[in-house]
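*Asks:* If it helps, the file is called run_33.json and holds JSON, C-alpha atoms and all ligand atoms:
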[["chain", "number", "residue", "atom", "x", "y", "z"],
["S", 1, "MET", "CA", -2.51, 54.32, 51.65],
["S", 2, "ASP", "CA", -2.39, 56.99, 49.02],
["S", 3, "CYS", "CA", 0.21, 57.12, 46.30],
["S", 4, "PRO", "CA", 2.26, 60.31, 46.73],
["S", 5, "TYR", "CA", 2.76, 60.47, 42.99],
["S", 6, "CYS", "CA", -0.70, 60.06, 41.44],
["S", 7, "GLY", "CA", -2.89, 60.10, 44.58],
["S", 8, "GLU", "CA", -4.44, 56.73, 43.81],
["S", 9, "TRP", "CA", -5.52, 54.67, 46.86],
["S", 10, "ASN", "CA", -3.69, 51.36, 47.25],
["S", 11, "LEU", "CA", -4.13, 48.45, 49.66],
["S", 12, "GLU", "CA", -1.92, 48.50, 52.75],
["S", 13, "GLY", "CA", 1.28, 46.61, 51.99],
["S", 14, "THR", "CA", 1.05, 47.22, 48.25],
["S", 15, "ARG", "CA", 4.56, 47.54, 46.89],
["S", 16, "GLU", "CA", 3.82, 49.20, 43.61],
["S", 17, "CYS", "CA", 1.11, 51.60, 42.57],
["S", 18, "GLU", "CA", -0.71, 51.17, 39.28],
["S", 19, "CYS", "CA", 1.15, 54.22, 38.01],
["S", 20, "GLY", "CA", 4.43, 52.45, 38.67],
["S", 21, "TYR", "CA", 5.39, 54.30, 41.84],
["S", 22, "LEU", "CA", 7.30, 52.10, 44.29],
["S", 23, "PHE", "CA", 6.54, 52.42, 48.00],
["S", 24, "GLU", "CA", 10.17, 51.77, 48.78],
["S", 25, "GLY", "CA", 10.46, 53.04, 52.34],
["S", 26, "TYR", "CA", 7.26, 51.28, 53.32],
["S", 27, "GLU", "CA", 8.40, 48.07, 51.66],
["S", 28, "GLU", "CA", 11.55, 47.84, 53.75],
["S", 29, "VAL", "CA", 9.64, 48.14, 57.01],
["S", 30, "VAL", "CA", 7.10, 45.52, 55.99],
["S", 31, "GLU", "CA", 9.76, 43.06, 54.87],
["S", 32, "ALA", "CA", 11.74, 43.45, 58.09],
["S", 33, "GLU", "CA", 8.60, 42.70, 60.12],
["S", 34, "GLU", "CA", 7.66, 39.73, 57.98],
["S", 35, "THR", "CA", 11.13, 38.25, 58.33],
["S", 36, "GLU", "CA", 10.98, 38.60, 62.10],
["S", 37, "ILE", "CA", 7.51, 37.02, 62.33],
["S", 38, "ARG", "CA", 8.57, 34.18, 60.04],
["S", 39, "ALA", "CA", 11.65, 33.48, 62.16],
["S", 40, "ARG", "CA", 9.57, 33.41, 65.34],
["S", 41, "SER", "CA", 6.90, 31.11, 63.94],
["S", 42, "ARG", "CA", 9.62, 28.79, 62.63],
["S", 43, "THR", "CA", 11.05, 28.49, 66.14],
["S", 44, "ARG", "CA", 7.58, 27.85, 67.53],
["S", 45, "GLN", "CA", 6.97, 25.17, 64.92],
["S", 46, "MET", "CA", 10.24, 23.43, 65.73],
["S", 47, "VAL", "CA", 9.38, 23.42, 69.45],
["S", 48, "GLY", "CA", 5.85, 22.25, 68.67],
["S", 49, "TRP", "CA", 6.96, 19.39, 66.45],
["S", 50, "GLY", "CA", 9.62, 18.47, 69.00],
["S", 51, "LEU", "CA", 6.98, 18.19, 71.73],
["S", 52, "ILE", "CA", 4.72, 16.14, 69.47],
["S", 53, "ALA", "CA", 7.54, 13.79, 68.48],
["S", 54, "THR", "CA", 8.59, 13.41, 72.11],
["S", 55, "GLY", "CA", 5.03, 12.76, 73.22],
["S", 56, "VAL", "CA", 4.45, 10.20, 70.47],
["S", 57, "LEU", "CA", 7.70, 8.38, 71.23],
["S", 58, "LEU", "CA", 7.04, 8.34, 74.97],
["S", 59, "SER", "CA", 3.44, 7.21, 74.66],
["S", 60, "VAL", "CA", 4.22, 4.53, 72.07],
["S", 61, "GLY", "CA", 7.22, 3.38, 74.10],
["S", 62, "SER", "CA", 5.28, 3.25, 77.35],
["S", 63, "PHE", "CA", 2.45, 1.46, 75.59],
["S", 64, "PHE", "CA", 4.71, -1.34, 74.39],
["S", 65, "LEU", "CA", 7.21, -1.52, 77.26],
["S", 66, "SER", "CA", 4.96, -1.06, 80.24],
["S", 67, "SER", "CA", 1.39, -1.73, 79.31],
["S", 68, "SER", "CA", 0.90, -2.97, 82.88],
["S", 69, "PHE", "CA", 1.03, 0.64, 84.11],
["S", 70, "GLY", "CA", -2.35, 1.29, 82.59],
["S", 71, "GLY", "CA", -3.62, 4.40, 80.95],
["S", 72, "THR", "CA", -2.45, 7.16, 83.30],
["S", 73, "ARG", "CA", 1.05, 7.49, 81.86],
["S", 74, "PHE", "CA", -0.31, 7.26, 78.37],
["S", 75, "LEU", "CA", -2.61, 10.20, 79.11],
["S", 76, "ALA", "CA", 0.29, 12.23, 80.54],
["S", 77, "PHE", "CA", 2.26, 11.79, 77.32],
["S", 78, "THR", "CA", -0.81, 12.64, 75.30],
["S", 79, "GLY", "CA", -0.72, 15.93, 77.20],
["S", 80, "VAL", "CA", 2.78, 16.55, 75.85],
["S", 81, "ILE", "CA", 1.49, 15.95, 72.32],
["S", 82, "LEU", "CA", -1.39, 18.34, 72.88],
["S", 83, "ALA", "CA", 1.03, 20.98, 74.16],
["S", 84, "GLY", "CA", 3.00, 20.61, 70.92],
["S", 85, "VAL", "CA", -0.16, 20.94, 68.84],
["S", 86, "ALA", "CA", -1.09, 24.05, 70.81],
["S", 87, "MET", "CA", 2.34, 25.54, 70.05],
["S", 88, "LEU", "CA", 1.77, 24.93, 66.34],
["S", 89, "PHE", "CA", -1.67, 26.46, 66.15],
["S", 90, "MET", "CA", -1.41, 29.36, 68.56],
["S", 91, "PRO", "CA", -1.24, 32.61, 66.58],
["S", 92, "ALA", "CA", 2.21, 34.15, 66.31],
["S", 93, "ARG", "CA", 2.39, 37.27, 68.47],
["S", 94, "ARG", "CA", 4.36, 40.35, 67.66],
["B", 1, "ZN", "ZN", 0.42, 56.07, 41.83]]
Could you take the file, read its structure, and then write that structure out as structure tokens?
*Replies:*
Amino acid sequence: MDCPYCGEWNLEGTRECECGYLFEGYEEVVEAEETEIRARSRTRQMVGWGLIATGVLLSVGSFFLSSSFGGTRFLAFTGVILAGVAMLFMPARR
């Protein structure tokens, strides 16, 4: 975007031009969006880690308590872990 003061081109999201002009109005919008995205990704991360922790606990527990059940339950709990990992690495949407 162009600086309204000196006309110099600045990168999108730049908060201050080289001439010292502050893109104040623009800054507020950007910060509000960033805060919202951060809050959403934090929630996603908590859900993701929760799923992973649950999956790990269930699979470890089933492994030690009921190894006679074989591998099917273990695989099901691994699915829960994978769902948690997917939550963590899926891109945050607006
Ligand atoms: Zn400028």
*Asks:* Which residues, protein or nucleic acid, reach to within 12 Å of (-3.0, 56.2, 47.5) in the file's coordinates when using all atoms listed in the file, and can you give that as an NGL selection string?
*Replies:* :S and (1-19 or 21-23)
*Asks:* Expressed in Å to a single decimal, how great is the separation between CA of Glu31 in chain S and CA of Val47 in chain S?
*Replies:*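 Interatomic distance, CA of Glu31 in chain S to CA of Val47 in chain S: 24.5 Å.
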*Asks:* Could you please determine the separation between CA of Leu57 in chain S and CA of Leu88 in chain S in Å, to one decimal place?
*Replies:*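 It comes out at 18.2 Å.
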*Asks:* To one decimal place in Å, what is the distance between CA of Thr78 in chain S and CA of Arg40 in chain S?
*Replies:*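 Atom-to-atom, CA of Thr78 in chain S to CA of Arg40 in chain S, that is 25.3 Å.
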*Asks:* Which residues come within 8 Å of Ala83 in chain S, counting all atoms listed in the file, excluding same-chain residues fewer than 3 positions away, as a PyMOL selection string?
*Replies:* chain S and resi 48+51-52+79-80+86-87
*Asks:* So, counting all atoms listed in the file, which residue among S:Gly20, S:Glu36, S:Thr43, S:Thr54 is closest to ligand ZN 1 (chain B)?
*Replies:*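 Distance minimum relative to ligand ZN 1 (chain B) lands on S:Gly20.
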